[in-house]
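Participant: One structure is given below, represented as structure tokens, and several questions about it will come after.
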Amino acid sequence: MTDSSPLATETGELPIIRPGSARSALSHEQFRRIFVASFGSNIGSWIQNVVLPIYIYNRTGKASVVALLILAQMGPLLLLAIPAGVIADTVDRRKWLASMQLVMLTFSVVLAALARVDAPIWAIFLAQLGVGIGGALNMPAWSALLPSLVPQADLPGAMSLNSTLINGSRVIGPILVALFSPLGAEAWHFFSFNAVTYLLVVWALWNTKVPAHQRDTTRGWTRFTFAFRVARDRPVVRRLILTLALYSLISLPYIGLFPAVAELNFGINDSSAVYKWLYATWALGAALGGLALGTVFVGRDPRVMIRWGFAANAVAMAAFAASRSAVPAFVSGFALGVSYFFTTTAMGTVLQGRLAAHERGRTMALWFMSFGGTVPIGNIIFGPLVDRYGTRWLLFIGAAWALVLAWWCNTRALDERYSNA
């Protein structure tokens, strides 16, 4: 009988697929369905993520106000990630995720309605806060779901594809904004489109058989301290989470303040098509950086790749800071995107590989608190300073800190030290 797999060759024989590669992860139907639907939904999310800071910056002209909107989007992770992780390890993840998609859909519709009438900024903030709460409650369960759809051997490929999904949508989102804005599309049109894309994930979840996981049966406060105990008892997990928190806080605020960086450093107005293409170029680099771990660097030790990634990120960020016009900004911005998500994908791969299925929801909550939760704190700290002193110094500080982390995040040395203890 001839193999009907989409990966089969014309002769009916399956090609040799290297375990751990992105191609191997895609050979699993359940993962492939969720991946495609999530990719479509993330395009909508990144359209909204690109348009909303521009919309707010155009109305207020203040990076500090943009930082407040980033706080509404990402801040809930700091308060809700741990409870969301407990929920992810306790309930039916498929039903929970579908519910959170509908929450984000509802608040995106409200955001569109408010933007259509240029409602007060505080109302926009509240609507975005609703989207942020839904996202915070969604993330730990989502991060626990994806690895369960592939065998352990294909985890690096799945993580690589997940990074590509996030950043590929960052590429397509700005391109769509750049294409449709000249045709009369306004902010509320883009927010409405994003709302519809959540239905793709609801459909995929409804049609996917999610493997059962060992439910959390603990009670009381120990349910909420579990992730902290995992980090305390596992040196590599602890180092990765602390590294990501410090990286997000000091080196990544430029992402949320990208409109101000483009205007103040390169003279690129955030309403122009050039700005959208600059953001898309950076995002394309991030997508390729994440994909590289599951393709070009398959079989390489991701612990080593983390350190090389931080070093490359430091160089790229310094070059981006030193750029004074569009051409070098595009080149260095692309390299900045590659090194940024290559590094974080390698870190996530090492972390996920150290966790059992029933630990992932709660422990990955700490990961998202570190990754997304500290970003708005950095924006709140640096936003007012950017309004007063510009953005170039911010990038140079971020570059120097990435170089420090290249030295400090030596997880292979930690493994050797504690395995010999």
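Each chain in the structure tokens gets a letter, A, B, ..., in the order shown, and its residues are numbered from 1; ligands are numbered from 1 in order too.
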Report the closest atom pair, with its distance in Å rounded to one decimal, for each residue of region 15-127 of chain A that has an atom no farther than 8 Å from region 255-259 of chain A; count only C-alpha atoms, sort by chain and then rising residue number, and write it as a Markdown table.
Facilitator:
| residue | atom | partner | partner_atom | distance |
| --- | --- | --- | --- | --- |
| A:Pro53 | CA | A:Pro259 | CA | 7.3 |
| A:Ile54 | CA | A:Pro259 | CA | 6.7 |
| A:Tyr57 | CA | A:Pro259 | CA | 7.7 |
| A:Ala63 | CA | A:Leu257 | CA | 6.6 |
| A:Val66 | CA | A:Leu257 | CA | 7.3 |
| A:Ala67 | CA | A:Gly256 | CA | 6.9 |
| A:Ile70 | CA | A:Gly256 | CA | 6.6 |
Participant: Taking the chain letters and numbering used in this document, name the residues of region 296-364 of chain A that DSSP puts in alpha helix (DSSP H), as number ranges by chain.
Facilitator: A: 302-322, 326-353, 360-364
Participant: Mind pulling up the distance from CA of Gly157 (chain A) to CA of Val36 (chain A)?
Facilitator: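 Going from CA of Val36 (chain A) over to CA of Gly157 (chain A), I get 14.9 Å.
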Participant: Write out as a PyMOL selection string which residues come within 12 Å of Leu129 (chain A) when counting only C-alpha atoms, dropping same-chain ones fewer than 5 positions away.
Facilitator: chain A and resi 68-77+103-104+107-108+110-111+122-124+134-136
Participant: Those residues you just picked out, can you put them in a file as a PDB file, in the first residue's frame with C-alpha atoms?
Facilitator:
ATOM      1  CA  LEU A  68       1.772  52.379  29.021  1.00  0.00           C
ATOM      2  CA  LEU A  69      -0.004  50.530  26.207  1.00  0.00           C
ATOM      3  CA  ILE A  70       2.777  47.940  26.160  1.00  0.00           C
ATOM      4  CA  LEU A  71       2.219  47.613  29.914  1.00  0.00           C
ATOM      5  CA  ALA A  72      -1.475  46.909  29.279  1.00  0.00           C
ATOM      6  CA  GLN A  73      -0.553  44.221  26.741  1.00  0.00           C
ATOM      7  CA  MET A  74       2.338  42.492  28.511  1.00  0.00           C
ATOM      8  CA  GLY A  75       1.995  43.568  32.137  1.00  0.00           C
ATOM      9  CA  PRO A  76      -0.701  41.004  33.027  1.00  0.00           C
ATOM     10  CA  LEU A  77       1.924  38.291  32.568  1.00  0.00           C
ATOM     11  CA  VAL A 103     -11.746  36.407  25.334  1.00  0.00           C
ATOM     12  CA  MET A 104      -9.055  38.001  23.166  1.00  0.00           C
ATOM     13  CA  PHE A 107     -11.648  42.649  23.531  1.00  0.00           C
ATOM     14  CA  SER A 108     -10.115  43.089  20.067  1.00  0.00           C
ATOM     15  CA  VAL A 110     -14.014  46.440  21.545  1.00  0.00           C
ATOM     16  CA  LEU A 111     -10.607  47.918  20.693  1.00  0.00           C
ATOM     17  CA  TRP A 122      -7.766  55.457  28.894  1.00  0.00           C
ATOM     18  CA  ALA A 123     -10.528  53.498  27.126  1.00  0.00           C
ATOM     19  CA  ILE A 124      -8.041  52.166  24.574  1.00  0.00           C
ATOM     20  CA  GLY A 134      -6.499  36.869  27.805  1.00  0.00           C
ATOM     21  CA  GLY A 135      -3.003  36.453  26.398  1.00  0.00           C
ATOM     22  CA  ALA A 136      -1.455  36.049  29.845  1.00  0.00           C
TER      23      ALA A 136
END
Participant: Have a look at CA of Arg360 (chain A) and CA of Trp96 (chain A) and let me know their distance in Å, one decimal.
Facilitator: 15.5 Å
Participant: When you count only C-alpha atoms, which of these residues is closest to Gly390 (chain A): A:Ala260, A:Asp270, A:Arg417, A:Leu291?
Facilitator: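 Closest to Gly390 (chain A), using only C-alpha atoms: A:Ala260.
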Participant: Can you pull out the residues contacting region 161-164 of chain A? Cut-off 12 Å, using only C-alpha atoms, and skip same-chain residues under 3 positions away; I want them as a PyMOL selection string.
Facilitator: chain A and resi 20-26+31-32+34-39+42-43+142-143+145-147+154-158+167-172+283-295+337-338+340-349
Participant: Using CA of Pro235 (chain A) and CA of Ile306 (chain A) as the two end points, give the distance in Å to one decimal.
Facilitator: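 Separation between CA of Pro235 (chain A) and CA of Ile306 (chain A): 15.9 Å.
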Participant: Restrict the calculation to only C-alpha atoms, then for each residue of region 20-124 of chain A with any atom at most 7 Å from an atom of region 188-204 of chain A give the closest atom pair and their distance in Å to one decimal, rows by chain and rising residue number, as a Markdown table.
Facilitator:
| residue | atom | partner | partner_atom | distance |
| --- | --- | --- | --- | --- |
| A:Arg33 | CA | A:Ala204 | CA | 6.3 |
| A:Ile34 | CA | A:Ala204 | CA | 5.7 |
| A:Ala37 | CA | A:Val201 | CA | 5.2 |
| A:Ser38 | CA | A:Val201 | CA | 5.8 |
| A:Gly40 | CA | A:Thr197 | CA | 6.5 |
| A:Ser41 | CA | A:Thr197 | CA | 4.6 |
| A:Gly44 | CA | A:Asn194 | CA | 4.0 |
| A:Ser45 | CA | A:Asn194 | CA | 5.7 |
| A:Ile47 | CA | A:Phe190 | CA | 6.6 |
| A:Gln48 | CA | A:Phe191 | CA | 5.7 |
| A:Ala98 | CA | A:Val202 | CA | 5.2 |
| A:Gln101 | CA | A:Tyr198 | CA | 5.7 |
| A:Leu105 | CA | A:Ala195 | CA | 4.6 |
| A:Ser108 | CA | A:Ala195 | CA | 5.3 |
| A:Val109 | CA | A:Ser192 | CA | 5.9 |
| A:Leu111 | CA | A:Phe191 | CA | 6.8 |
| A:Ala112 | CA | A:Trp188 | CA | 4.3 |
| A:Ala113 | CA | A:Trp188 | CA | 6.7 |
| A:Ala115 | CA | A:Trp188 | CA | 5.3 |
| A:Arg116 | CA | A:Trp188 | CA | 5.3 |
Participant: Give me a file of those residues, with N, CA and C atoms, as a PDB file, in the first residue's frame.
Facilitator:
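Output (selection_5.pdb):
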ATOM      1  N   ARG A  33      -1.505  20.977  12.141  1.00  0.00           N
ATOM      2  CA  ARG A  33      -2.779  21.702  12.118  1.00  0.00           C
ATOM      3  C   ARG A  33      -2.740  22.912  13.059  1.00  0.00           C
ATOM      4  N   ILE A  34      -2.260  22.680  14.286  1.00  0.00           N
ATOM      5  CA  ILE A  34      -2.178  23.770  15.255  1.00  0.00           C
ATOM      6  C   ILE A  34      -1.200  24.836  14.771  1.00  0.00           C
ATOM      7  N   ALA A  37      -2.852  27.037  11.926  1.00  0.00           N
ATOM      8  CA  ALA A  37      -3.896  27.915  12.458  1.00  0.00           C
ATOM      9  C   ALA A  37      -3.295  29.022  13.321  1.00  0.00           C
ATOM     10  N   SER A  38      -2.323  28.663  14.139  1.00  0.00           N
ATOM     11  CA  SER A  38      -1.695  29.651  14.998  1.00  0.00           C
ATOM     12  C   SER A  38      -0.918  30.681  14.191  1.00  0.00           C
ATOM     13  N   GLY A  40      -1.737  31.802  11.228  1.00  0.00           N
ATOM     14  CA  GLY A  40      -2.721  32.757  10.728  1.00  0.00           C
ATOM     15  C   GLY A  40      -3.175  33.718  11.803  1.00  0.00           C
ATOM     16  N   SER A  41      -3.416  33.201  13.000  1.00  0.00           N
ATOM     17  CA  SER A  41      -3.868  34.055  14.090  1.00  0.00           C
ATOM     18  C   SER A  41      -2.782  35.032  14.522  1.00  0.00           C
ATOM     19  N   GLY A  44      -2.603  38.190  12.502  1.00  0.00           N
ATOM     20  CA  GLY A  44      -3.538  39.198  12.977  1.00  0.00           C
ATOM     21  C   GLY A  44      -3.036  39.893  14.230  1.00  0.00           C
ATOM     22  N   SER A  45      -2.468  39.125  15.156  1.00  0.00           N
ATOM     23  CA  SER A  45      -1.971  39.711  16.405  1.00  0.00           C
ATOM     24  C   SER A  45      -0.847  40.703  16.144  1.00  0.00           C
ATOM     25  N   ILE A  47      -0.269  42.320  13.338  1.00  0.00           N
ATOM     26  CA  ILE A  47      -0.830  43.514  12.689  1.00  0.00           C
ATOM     27  C   ILE A  47      -1.279  44.497  13.768  1.00  0.00           C
ATOM     28  N   GLN A  48      -1.978  43.976  14.758  1.00  0.00           N
ATOM     29  CA  GLN A  48      -2.442  44.828  15.854  1.00  0.00           C
ATOM     30  C   GLN A  48      -1.274  45.370  16.665  1.00  0.00           C
ATOM     31  N   ALA A  98      -9.235  27.417  23.955  1.00  0.00           N
ATOM     32  CA  ALA A  98     -10.316  27.914  23.113  1.00  0.00           C
ATOM     33  C   ALA A  98     -11.056  29.060  23.800  1.00  0.00           C
ATOM     34  N   GLN A 101      -9.010  32.243  23.559  1.00  0.00           N
ATOM     35  CA  GLN A 101      -9.068  32.831  22.225  1.00  0.00           C
ATOM     36  C   GLN A 101     -10.318  33.700  22.078  1.00  0.00           C
ATOM     37  N   LEU A 105     -10.613  37.665  21.332  1.00  0.00           N
ATOM     38  CA  LEU A 105     -11.456  38.096  20.211  1.00  0.00           C
ATOM     39  C   LEU A 105     -12.400  39.206  20.654  1.00  0.00           C
ATOM     40  N   SER A 108     -10.619  42.509  21.313  1.00  0.00           N
ATOM     41  CA  SER A 108     -10.115  43.089  20.067  1.00  0.00           C
ATOM     42  C   SER A 108     -11.242  43.785  19.299  1.00  0.00           C
ATOM     43  N   VAL A 109     -12.434  43.220  19.362  1.00  0.00           N
ATOM     44  CA  VAL A 109     -13.596  43.874  18.751  1.00  0.00           C
ATOM     45  C   VAL A 109     -13.880  45.199  19.456  1.00  0.00           C
ATOM     46  N   LEU A 111     -11.698  47.021  21.063  1.00  0.00           N
ATOM     47  CA  LEU A 111     -10.607  47.918  20.693  1.00  0.00           C
ATOM     48  C   LEU A 111     -10.861  48.542  19.327  1.00  0.00           C
ATOM     49  N   ALA A 112     -11.328  47.745  18.379  1.00  0.00           N
ATOM     50  CA  ALA A 112     -11.633  48.263  17.042  1.00  0.00           C
ATOM     51  C   ALA A 112     -12.722  49.329  17.105  1.00  0.00           C
ATOM     52  N   ALA A 113     -13.760  49.055  17.885  1.00  0.00           N
ATOM     53  CA  ALA A 113     -14.864  50.008  17.998  1.00  0.00           C
ATOM     54  C   ALA A 113     -14.389  51.329  18.627  1.00  0.00           C
ATOM     55  N   ALA A 115     -11.251  52.534  18.606  1.00  0.00           N
ATOM     56  CA  ALA A 115     -10.335  53.212  17.692  1.00  0.00           C
ATOM     57  C   ALA A 115     -11.085  53.898  16.553  1.00  0.00           C
ATOM     58  N   ARG A 116     -12.211  53.347  16.159  1.00  0.00           N
ATOM     59  CA  ARG A 116     -12.973  53.936  15.061  1.00  0.00           C
ATOM     60  C   ARG A 116     -13.451  55.344  15.398  1.00  0.00           C
TER      61      ARG A 116
END
Participant: Restricting the calculation to only C-alpha atoms, which member of A:Ser160, A:Asn269, A:Thr60, A:Ser323 is positioned closest to Val296 (chain A)?
Facilitator: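 Distance minimum relative to Val296 (chain A) lands on A:Ser160.
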Participant: Using only C-alpha atoms, which residue out of A:Val117, A:Pro83, A:Pro140, A:Tyr247 lies closest to Phe371 (chain A)?
Facilitator: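 Checking each of A:Val117, A:Pro83, A:Pro140, A:Tyr247 against Phe371 (chain A), counting only C-alpha atoms, the winner is A:Tyr247.
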Participant: Using only C-alpha atoms, find the one residue out of A:Arg18, A:Arg362, A:Arg59, A:Arg412 that sits nearest to Leu80 (chain A).
Facilitator: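 Ranking A:Arg18, A:Arg362, A:Arg59, A:Arg412 by distance to Leu80 (chain A), first place goes to A:Arg362.
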Participant: My list of candidates is A:Asn265, A:Thr411, A:Gln152, A:Thr106. Which is closest to Ser325 (chain A) when distances are computed with only C-alpha atoms?
Facilitator: A:Asn265
Participant: Please list as number ranges by chain every residue within 9 Å of Gly267 (chain A), counting only C-alpha atoms and excluding residues in the same chain fewer than 6 positions away.
Facilitator: A: 261, 324-326
Participant: Closest to Leu240 (chain A) among A:Arg223, A:His28, A:Arg307, A:His358, using only C-alpha atoms?
Facilitator: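 The closest residue to Leu240 (chain A) is A:Arg307.
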Participant: Using only C-alpha atoms, determine which residues lie at most 8 Å from Ile87 (chain A), disregarding the query and same-chain residues fewer than 4 positions distant; provide the list as a PDB file with C-alpha atoms, in the first residue's frame.
Facilitator:
ATOM      1  CA  PRO A  83      -2.120  31.272  38.240  1.00  0.00           C
ATOM      2  CA  VAL A  91      -7.707  21.586  33.420  1.00  0.00           C
ATOM      3  CA  ALA A 141      -1.197  26.399  28.480  1.00  0.00           C
ATOM      4  CA  GLY A 361       2.398  24.754  32.365  1.00  0.00           C
TER       5      GLY A 361
END
